[in-house]
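J.: Got a structure for you, data.csv, holding CSV, N, CA and C atoms.
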chain,number,residue,atom,x,y,z
A,93,MET,N,246.2,30.9,308.2
A,93,MET,CA,246.1,32.3,307.8
A,93,MET,C,244.6,32.7,307.8
A,94,ASN,N,244.3,33.7,308.5
A,94,ASN,CA,242.9,34.2,308.5
A,94,ASN,C,242.6,35.1,307.3
A,95,THR,N,243.4,36.2,307.2
A,95,THR,CA,243.2,37.1,306.0
A,95,THR,C,244.6,37.6,305.6
A,96,HIS,N,244.7,38.3,304.6
A,96,HIS,CA,245.9,38.9,304.1
A,96,HIS,C,246.6,39.8,305.2
A,97,ARG,N,245.8,40.4,306.0
A,97,ARG,CA,246.3,41.3,307.1
A,97,ARG,C,247.1,40.5,308.1
A,98,ASP,N,247.0,39.2,308.2
A,98,ASP,CA,247.8,38.4,309.1
A,98,ASP,C,249.1,38.1,308.5
A,99,LEU,N,249.4,38.4,307.3
A,99,LEU,CA,250.7,38.0,306.6
A,99,LEU,C,251.7,39.2,306.8
A,100,LEU,N,252.8,38.8,307.4
A,100,LEU,CA,253.8,39.8,307.7
A,100,LEU,C,254.3,40.4,306.3
A,101,VAL,N,254.4,39.6,305.3
A,101,VAL,CA,254.9,40.1,304.0
A,101,VAL,C,253.9,41.2,303.4
A,102,TRP,N,252.6,41.0,303.7
A,102,TRP,CA,251.6,42.0,303.3
A,102,TRP,C,251.9,43.4,304.0
A,103,ARG,N,252.1,43.3,305.4
A,103,ARG,CA,252.3,44.5,306.2
A,103,ARG,C,253.6,45.2,305.8
A,104,LYS,N,254.6,44.4,305.5
A,104,LYS,CA,255.9,45.0,305.1
A,104,LYS,C,255.8,45.6,303.7
A,105,SER,N,255.0,45.0,302.9
A,105,SER,CA,254.9,45.6,301.5
A,105,SER,C,254.0,46.9,301.5
A,106,ILE,N,253.1,47.0,302.5
A,106,ILE,CA,252.4,48.2,302.7
A,106,ILE,C,253.3,49.3,303.1
A,107,ASP,N,254.2,49.0,304.0
A,107,ASP,CA,255.2,50.0,304.4
A,107,ASP,C,256.2,50.4,303.3
A,108,PHE,N,256.5,49.4,302.4
A,108,PHE,CA,257.4,49.6,301.3
A,108,PHE,C,256.7,50.6,300.3
A,109,VAL,N,255.4,50.5,300.1
A,109,VAL,CA,254.7,51.4,299.2
A,109,VAL,C,255.0,52.8,299.6
A,110,THR,N,254.9,53.1,300.9
A,110,THR,CA,255.1,54.4,301.5
A,110,THR,C,256.6,54.9,301.2
A,111,GLU,N,257.5,53.9,301.3
A,111,GLU,CA,258.9,54.3,301.0
A,111,GLU,C,259.1,54.7,299.6
A,112,ILE,N,258.5,53.9,298.7
A,112,ILE,CA,258.6,54.2,297.2
A,112,ILE,C,258.0,55.5,296.9
A,113,TYR,N,256.8,55.8,297.5
A,113,TYR,CA,256.2,57.1,297.2
A,113,TYR,C,257.1,58.3,297.7
A,114,SER,N,257.7,58.1,298.8
A,114,SER,CA,258.6,59.1,299.4
A,114,SER,C,259.9,59.3,298.5
A,115,VAL,N,260.4,58.2,298.1
A,115,VAL,CA,261.6,58.2,297.2
A,115,VAL,C,261.3,58.9,295.9
A,116,THR,N,260.2,58.6,295.3
A,116,THR,CA,259.9,59.1,294.0
A,116,THR,C,259.4,60.6,294.0
A,117,ASP,N,259.1,61.1,295.2
A,117,ASP,CA,258.7,62.5,295.3
A,117,ASP,C,259.8,63.4,294.7
A,118,SER,N,261.0,63.0,294.8
A,118,SER,CA,262.1,63.9,294.4
A,118,SER,C,262.4,63.7,292.9
A,119,PHE,N,261.8,62.8,292.2
A,119,PHE,CA,262.0,62.6,290.8
A,119,PHE,C,261.6,63.8,290.0
A,120,PRO,N,262.2,64.0,288.8
A,120,PRO,CA,261.9,65.2,288.0
A,120,PRO,C,260.4,65.1,287.5
A,121,ASN,N,259.8,66.3,287.4
A,121,ASN,CA,258.4,66.3,286.9
A,121,ASN,C,258.2,65.6,285.5
A,122,THR,N,259.3,65.6,284.7
A,122,THR,CA,259.2,64.9,283.4
A,122,THR,C,259.0,63.4,283.6
A,123,GLU,N,259.2,62.9,284.8
A,123,GLU,CA,259.1,61.4,285.0
A,123,GLU,C,257.7,61.1,285.6
A,124,ILE,N,256.8,62.0,285.8
A,124,ILE,CA,255.6,61.8,286.5
A,124,ILE,C,254.8,60.6,285.8
A,125,TYR,N,254.9,60.5,284.4
A,125,TYR,CA,254.2,59.5,283.7
A,125,TYR,C,255.2,58.4,283.3
A,126,GLY,N,256.4,58.5,283.7
A,126,GLY,CA,257.4,57.5,283.4
A,126,GLY,C,257.8,56.7,284.6
A,127,LEU,N,259.0,56.8,285.1
A,127,LEU,CA,259.5,56.0,286.2
A,127,LEU,C,258.7,56.2,287.5
A,128,THR,N,258.3,57.4,287.8
A,128,THR,CA,257.6,57.7,289.0
A,128,THR,C,256.3,56.8,289.0
A,129,SER,N,255.6,56.9,287.9
A,129,SER,CA,254.3,56.2,287.9
A,129,SER,C,254.6,54.7,287.9
A,130,GLN,N,255.6,54.2,287.1
A,130,GLN,CA,255.9,52.8,287.0
A,130,GLN,C,256.3,52.2,288.4
A,131,LEU,N,257.1,52.9,289.1
A,131,LEU,CA,257.6,52.5,290.4
A,131,LEU,C,256.4,52.4,291.4
A,132,ARG,N,255.6,53.4,291.4
A,132,ARG,CA,254.5,53.5,292.3
A,132,ARG,C,253.4,52.4,292.1
A,133,ARG,N,253.1,52.2,290.8
A,133,ARG,CA,252.2,51.2,290.4
A,133,ARG,C,252.7,49.8,290.8
A,134,ALA,N,254.0,49.5,290.5
A,134,ALA,CA,254.6,48.2,290.9
A,134,ALA,C,254.6,48.0,292.4
A,135,ALA,N,254.9,49.1,293.1
A,135,ALA,CA,254.9,48.9,294.6
A,135,ALA,C,253.5,48.6,295.1
A,136,VAL,N,252.5,49.3,294.6
A,136,VAL,CA,251.1,49.1,295.1
A,136,VAL,C,250.6,47.7,294.7
A,137,SER,N,251.2,47.2,293.6
A,137,SER,CA,250.8,45.9,293.1
A,137,SER,C,251.2,44.8,294.1
A,138,ILE,N,252.3,44.9,294.8
A,138,ILE,CA,252.7,43.9,295.7
A,138,ILE,C,251.7,43.6,296.8
A,139,PRO,N,251.3,44.5,297.6
A,139,PRO,CA,250.3,44.1,298.7
A,139,PRO,C,248.9,43.9,298.1
A,140,SER,N,248.6,44.6,297.0
A,140,SER,CA,247.3,44.4,296.3
A,140,SER,C,247.1,43.0,295.8
A,141,ASN,N,248.1,42.4,295.2
A,141,ASN,CA,248.0,41.0,294.7
A,141,ASN,C,248.1,40.0,295.8
A,142,ILE,N,248.8,40.3,296.9
A,142,ILE,CA,248.8,39.4,298.1
A,142,ILE,C,247.3,39.4,298.6
A,143,ALA,N,246.7,40.5,298.8
A,143,ALA,CA,245.4,40.6,299.3
A,143,ALA,C,244.4,39.9,298.4
A,144,GLU,N,244.5,40.2,297.1
A,144,GLU,CA,243.5,39.5,296.1
A,144,GLU,C,243.7,38.0,296.1
A,145,GLY,N,244.9,37.6,296.1
A,145,GLY,CA,245.2,36.1,296.1
A,145,GLY,C,244.7,35.5,297.4
A,146,SER,N,244.8,36.1,298.5
A,146,SER,CA,244.4,35.6,299.8
A,146,SER,C,242.8,35.5,299.9
A,147,ALA,N,242.2,36.3,299.1
A,147,ALA,CA,240.7,36.3,299.1
A,147,ALA,C,240.2,35.2,298.1
A,148,ARG,N,241.0,34.6,297.4
A,148,ARG,CA,240.6,33.5,296.4
A,148,ARG,C,240.3,32.2,297.2
A,149,ASN,N,239.7,31.3,296.4
A,149,ASN,CA,239.2,30.1,297.1
A,149,ASN,C,240.2,28.9,297.1
A,150,THR,N,241.3,29.0,296.3
A,150,THR,CA,242.2,27.9,296.2
A,150,THR,C,243.6,28.3,296.4
A,151,ASP,N,244.5,27.4,296.8
A,151,ASP,CA,245.9,27.7,296.9
A,151,ASP,C,246.5,28.0,295.5
A,152,LYS,N,246.0,27.3,294.5
A,152,LYS,CA,246.4,27.5,293.1
A,152,LYS,C,246.2,29.0,292.7
A,153,GLU,N,245.1,29.5,293.0
A,153,GLU,CA,244.8,30.9,292.7
A,153,GLU,C,245.7,31.9,293.6
A,154,LEU,N,245.8,31.5,294.8
A,154,LEU,CA,246.7,32.3,295.7
A,154,LEU,C,248.1,32.4,295.1
A,155,LEU,N,248.6,31.2,294.7
A,155,LEU,CA,250.0,31.2,294.1
A,155,LEU,C,250.1,32.1,292.9
A,156,HIS,N,249.1,32.1,292.1
A,156,HIS,CA,249.1,32.9,290.9
A,156,HIS,C,249.3,34.4,291.3
A,157,PHE,N,248.6,34.9,292.3
A,157,PHE,CA,248.7,36.3,292.7
A,157,PHE,C,250.0,36.5,293.4
A,158,LEU,N,250.6,35.6,294.1
A,158,LEU,CA,251.8,35.7,294.8
A,158,LEU,C,253.0,35.8,293.8
A,159,TYR,N,252.9,35.1,292.7
A,159,TYR,CA,253.8,35.2,291.6
A,159,TYR,C,253.8,36.6,291.0
A,160,ILE,N,252.6,37.1,290.8
A,160,ILE,CA,252.5,38.5,290.3
A,160,ILE,C,253.2,39.5,291.3
A,161,SER,N,252.9,39.3,292.6
A,161,SER,CA,253.5,40.2,293.6
A,161,SER,C,255.1,40.1,293.5
A,162,ARG,N,255.6,38.9,293.4
A,162,ARG,CA,257.0,38.7,293.3
A,162,ARG,C,257.6,39.4,292.0
A,163,ALA,N,256.9,39.2,290.9
A,163,ALA,CA,257.3,39.9,289.7
A,163,ALA,C,257.3,41.4,289.8
A,164,SER,N,256.3,41.9,290.5
A,164,SER,CA,256.3,43.4,290.7
A,164,SER,C,257.5,43.8,291.5
A,165,ALA,N,257.9,43.0,292.5
A,165,ALA,CA,259.0,43.4,293.3
A,165,ALA,C,260.3,43.4,292.5
A,166,THR,N,260.5,42.4,291.6
A,166,THR,CA,261.7,42.4,290.7
A,166,THR,C,261.6,43.5,289.7
A,167,GLU,N,260.4,43.9,289.3
A,167,GLU,CA,260.3,45.1,288.4
A,167,GLU,C,260.8,46.3,289.1
A,168,ILE,N,260.4,46.5,290.4
A,168,ILE,CA,260.9,47.6,291.2
A,168,ILE,C,262.4,47.6,291.3
A,169,GLU,N,263.0,46.5,291.5
A,169,GLU,CA,264.4,46.4,291.6
A,169,GLU,C,265.1,46.9,290.3
A,170,THR,N,264.6,46.6,289.2
A,170,THR,CA,265.1,47.1,287.9
A,170,THR,C,264.9,48.6,287.8
A,171,GLN,N,263.7,49.0,288.1
A,171,GLN,CA,263.4,50.4,287.9
A,171,GLN,C,264.2,51.3,288.9
A,172,LEU,N,264.5,50.8,290.1
A,172,LEU,CA,265.3,51.6,291.0
A,172,LEU,C,266.7,51.7,290.5
A,173,LEU,N,267.2,50.6,289.9
A,173,LEU,CA,268.6,50.7,289.3
A,173,LEU,C,268.6,51.7,288.1
A,174,ILE,N,267.6,51.7,287.3
A,174,ILE,CA,267.6,52.6,286.2
A,174,ILE,C,267.5,54.1,286.7
A,175,SER,N,266.7,54.3,287.8
A,175,SER,CA,266.5,55.6,288.4
A,175,SER,C,267.9,56.1,289.0
A,176,GLN,N,268.6,55.2,289.6
A,176,GLN,CA,269.9,55.5,290.1
A,176,GLN,C,270.9,55.8,289.0
A,177,ASN,N,270.9,55.0,288.0
A,177,ASN,CA,271.8,55.3,286.8
A,177,ASN,C,271.5,56.6,286.2
A,178,LEU,N,270.3,57.1,286.2
A,178,LEU,CA,269.9,58.4,285.6
A,178,LEU,C,270.1,59.5,286.6
A,179,GLY,N,270.6,59.2,287.8
A,179,GLY,CA,270.9,60.2,288.8
A,179,GLY,C,269.7,60.8,289.5
A,180,PHE,N,268.6,60.1,289.4
A,180,PHE,CA,267.4,60.6,290.1
A,180,PHE,C,267.4,60.3,291.6
A,181,ILE,N,268.1,59.2,292.0
A,181,ILE,CA,268.1,58.7,293.4
A,181,ILE,C,269.5,58.0,293.7
A,182,HIS,N,269.7,57.9,294.9
A,182,HIS,CA,270.7,56.9,295.4
A,182,HIS,C,270.0,55.9,296.2
A,183,ILE,N,270.1,54.6,295.8
A,183,ILE,CA,269.3,53.6,296.5
A,183,ILE,C,269.9,53.3,297.9
A,184,SER,N,269.2,53.6,298.9
A,184,SER,CA,269.7,53.4,300.3
A,184,SER,C,269.8,52.0,300.6
A,185,ASN,N,270.7,51.6,301.5
A,185,ASN,CA,270.8,50.2,301.9
A,185,ASN,C,269.5,49.8,302.5
A,186,GLN,N,268.8,50.6,303.3
A,186,GLN,CA,267.5,50.2,303.9
A,186,GLN,C,266.5,49.9,302.9
A,187,LEU,N,266.3,50.7,301.9
A,187,LEU,CA,265.4,50.5,300.8
A,187,LEU,C,265.7,49.2,300.1
A,188,ASN,N,266.9,49.0,299.8
A,188,ASN,CA,267.3,47.7,299.1
A,188,ASN,C,267.1,46.5,300.0
A,189,GLU,N,267.4,46.6,301.3
A,189,GLU,CA,267.2,45.5,302.2
A,189,GLU,C,265.7,45.2,302.4
A,190,ASN,N,264.9,46.2,302.4
A,190,ASN,CA,263.4,46.0,302.5
A,190,ASN,C,262.9,45.3,301.3
A,191,LEU,N,263.4,45.7,300.2
A,191,LEU,CA,262.9,45.0,298.9
A,191,LEU,C,263.4,43.5,298.9
A,192,ILE,N,264.6,43.3,299.3
A,192,ILE,CA,265.2,41.9,299.3
A,192,ILE,C,264.4,41.1,300.3
A,193,GLU,N,264.1,41.7,301.5
A,193,GLU,CA,263.3,40.9,302.5
A,193,GLU,C,261.9,40.6,302.0
A,194,ILE,N,261.3,41.5,301.3
A,194,ILE,CA,259.9,41.2,300.7
A,194,ILE,C,260.0,40.1,299.7
A,195,LEU,N,261.1,40.1,298.8
A,195,LEU,CA,261.3,39.1,297.8
A,195,LEU,C,261.5,37.7,298.5
A,196,LYS,N,262.3,37.7,299.5
A,196,LYS,CA,262.5,36.4,300.2
A,196,LYS,C,261.3,35.9,300.9
A,197,MET,N,260.5,36.8,301.5
A,197,MET,CA,259.3,36.4,302.2
A,197,MET,C,258.3,35.9,301.2
A,198,LEU,N,258.2,36.5,300.0
A,198,LEU,CA,257.2,36.0,299.0
A,198,LEU,C,257.7,34.7,298.5
A,199,THR,N,259.0,34.5,298.2
A,199,THR,CA,259.5,33.2,297.8
A,199,THR,C,259.2,32.1,298.8
A,200,ALA,N,259.4,32.4,300.1
A,200,ALA,CA,259.2,31.4,301.1
A,200,ALA,C,257.7,31.1,301.2
A,201,LEU,N,256.8,32.0,301.1
A,201,LEU,CA,255.4,31.8,301.1
A,201,LEU,C,254.9,31.0,299.9
A,202,ILE,N,255.5,31.3,298.7
A,202,ILE,CA,255.2,30.6,297.5
A,202,ILE,C,255.6,29.1,297.7
A,203,ASN,N,256.8,28.9,298.2
A,203,ASN,CA,257.3,27.5,298.4
A,203,ASN,C,256.4,26.7,299.4
A,204,LYS,N,256.0,27.4,300.5
A,204,LYS,CA,255.2,26.8,301.5
A,204,LYS,C,253.8,26.3,300.9
A,205,ILE,N,253.3,27.2,300.1
A,205,ILE,CA,252.0,26.9,299.5
A,205,ILE,C,252.1,25.8,298.4
A,206,LYS,N,253.2,25.8,297.7
A,206,LYS,CA,253.4,24.8,296.7
A,206,LYS,C,253.5,23.4,297.3
A,207,GLN,N,254.1,23.3,298.5
A,207,GLN,CA,254.2,22.1,299.2
A,207,GLN,C,252.8,21.5,299.6
A,208,ARG,N,251.8,22.4,299.7
A,208,ARG,CA,250.5,22.0,300.1
A,208,ARG,C,249.7,21.4,298.9
A,209,LEU,N,250.2,21.8,297.7
A,209,LEU,CA,249.5,21.3,296.5
A,209,LEU,C,249.8,19.9,296.1
Could you rewrite the structure in this file as structure tokens?
T.:
Amino acid sequence: MNTHRDLLVWRKSIDFVTEIYSVTDSFPNTEIYGLTSQLRRAAVSIPSNIAEGSARNTDKELLHFLYISRASATEIETQLLISQNLGFIHISNQLNENLIEILKMLTALINKIKQRL
């Protein structure tokens, strides 16, 4: 790996941020500091932590940031379900599949790096 830009999971998570911003555009204004903000910050956290971890000097540090990215992805999963239960959105199959793919890719990358330690 040369940089975080070479990681497919980073590129997919960048696209996912755009999806989350688009989905949350239709949320009620009363949620601007609630679920809208939470979802957007968690989405941005995924590629940001991949990038930060990739810039670190050790695999142990990279793992730490990949775990944070994966935690942010599971946070989004929960927040999307809450948003759907409140009637703010209907979670599309594509959005759900993209999130699952990112989670699987992060888990695979974590496992690969753990094997090197």
J.: Contacts of region 154-156 of chain A at 6.5 Å or less, counting only N, CA and C atoms, minus same-chain residues fewer than 4 places along, as a PDB file with N, CA and C atoms, in the coordinates of the input?
T.:
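Dumped everything to part.pdb:
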ATOM      1  N   GLU A 144     244.500  40.200 297.100  1.00  0.00           N
ATOM      2  CA  GLU A 144     243.500  39.500 296.100  1.00  0.00           C
ATOM      3  C   GLU A 144     243.700  38.000 296.100  1.00  0.00           C
ATOM      4  N   GLY A 145     244.900  37.600 296.100  1.00  0.00           N
ATOM      5  CA  GLY A 145     245.200  36.100 296.100  1.00  0.00           C
ATOM      6  C   GLY A 145     244.700  35.500 297.400  1.00  0.00           C
ATOM      7  N   SER A 146     244.800  36.100 298.500  1.00  0.00           N
ATOM      8  CA  SER A 146     244.400  35.600 299.800  1.00  0.00           C
ATOM      9  C   SER A 146     242.800  35.500 299.900  1.00  0.00           C
ATOM     10  N   ARG A 148     241.000  34.600 297.400  1.00  0.00           N
ATOM     11  CA  ARG A 148     240.600  33.500 296.400  1.00  0.00           C
ATOM     12  C   ARG A 148     240.300  32.200 297.200  1.00  0.00           C
ATOM     13  N   ASN A 149     239.700  31.300 296.400  1.00  0.00           N
ATOM     14  CA  ASN A 149     239.200  30.100 297.100  1.00  0.00           C
ATOM     15  C   ASN A 149     240.200  28.900 297.100  1.00  0.00           C
ATOM     16  N   THR A 150     241.300  29.000 296.300  1.00  0.00           N
ATOM     17  CA  THR A 150     242.200  27.900 296.200  1.00  0.00           C
ATOM     18  C   THR A 150     243.600  28.300 296.400  1.00  0.00           C
ATOM     19  N   ILE A 160     252.600  37.100 290.800  1.00  0.00           N
ATOM     20  CA  ILE A 160     252.500  38.500 290.300  1.00  0.00           C
ATOM     21  C   ILE A 160     253.200  39.500 291.300  1.00  0.00           C
ATOM     22  N   SER A 161     252.900  39.300 292.600  1.00  0.00           N
ATOM     23  CA  SER A 161     253.500  40.200 293.600  1.00  0.00           C
ATOM     24  C   SER A 161     255.100  40.100 293.500  1.00  0.00           C
ATOM     25  N   ILE A 202     255.500  31.300 298.700  1.00  0.00           N
ATOM     26  CA  ILE A 202     255.200  30.600 297.500  1.00  0.00           C
ATOM     27  C   ILE A 202     255.600  29.100 297.700  1.00  0.00           C
TER      28      ILE A 202
END
J.: Which residues come within 7 Å of Ile194 (chain A), counting all atoms listed in the file, excluding same-chain residues fewer than 5 positions away, as a list in words?
T.: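 Counting all atoms listed in the file, the residues come to Val101, Lys104, Ser105, Glu189 and Thr199 of chain A.
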J.: Nearest to Arg208 (chain A) among A:Asp151, A:Asn190, A:Ser175, A:Trp102, with distances taken over only N, CA and C atoms: which residue is it?
T.: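 Looking at the shortest contact to Arg208 (chain A), the residue is A:Asp151.
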J.: Which residues are near Glu111 (chain A)? Cut-off 12 Å, only C-alpha atoms, ignore same chain within fewer than 3 positions. Put them as a PyMOL selection string.
T.: chain A and resi 104-108+114-117+131-132+135-136+183-184+186-188+190-191
J.: Just asking: which residues within region 123-196 of chain A are helix (DSSP H, G or I) according to DSSP, as a PyMOL selection string?
T.: chain A and resi 123+127-146+151-177+185-196
J.: In Å to one decimal, how far is atom C of Ala147 (chain A) from CA of Lys196 (chain A)?
T.: 22.4 Å
J.: Hey, can you check how far CA of Asn94 (chain A) sits from CA of Arg133 (chain A)?
T.: 26.5 Å
J.: Could you give me, as a ChimeraX atom specification, the residues within 6.5 Å of region 119-123 of chain A, counting only N, CA and C atoms and dropping anything in the same chain fewer than 5 positions from it?
T.: /A:128-129,180
J.: Just to confirm, what's the straight-line distance from CA of Ile168 (chain A) to atom C of Gln207 (chain A) in Å (one decimal)?
T.: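 A separation of 28.6 Å between them.
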J.: Extract, using only C-alpha atoms, all DNA, RNA and protein residues at most 9 Å from Ala134 (chain A), discarding same-chain residues fewer than 6 positions from it, and format them as a ChimeraX atom specification.
T.: /A:109,161,163-165,167-168
J.: Given the choices A:Met197, A:Asn203, A:Glu153, A:Gln176, which gets closest to Leu99 (chain A) if the distance is worked out from only C-alpha atoms?
T.: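 Among A:Met197, A:Asn203, A:Glu153, A:Gln176, it is A:Met197 that comes nearest to Leu99 (chain A).
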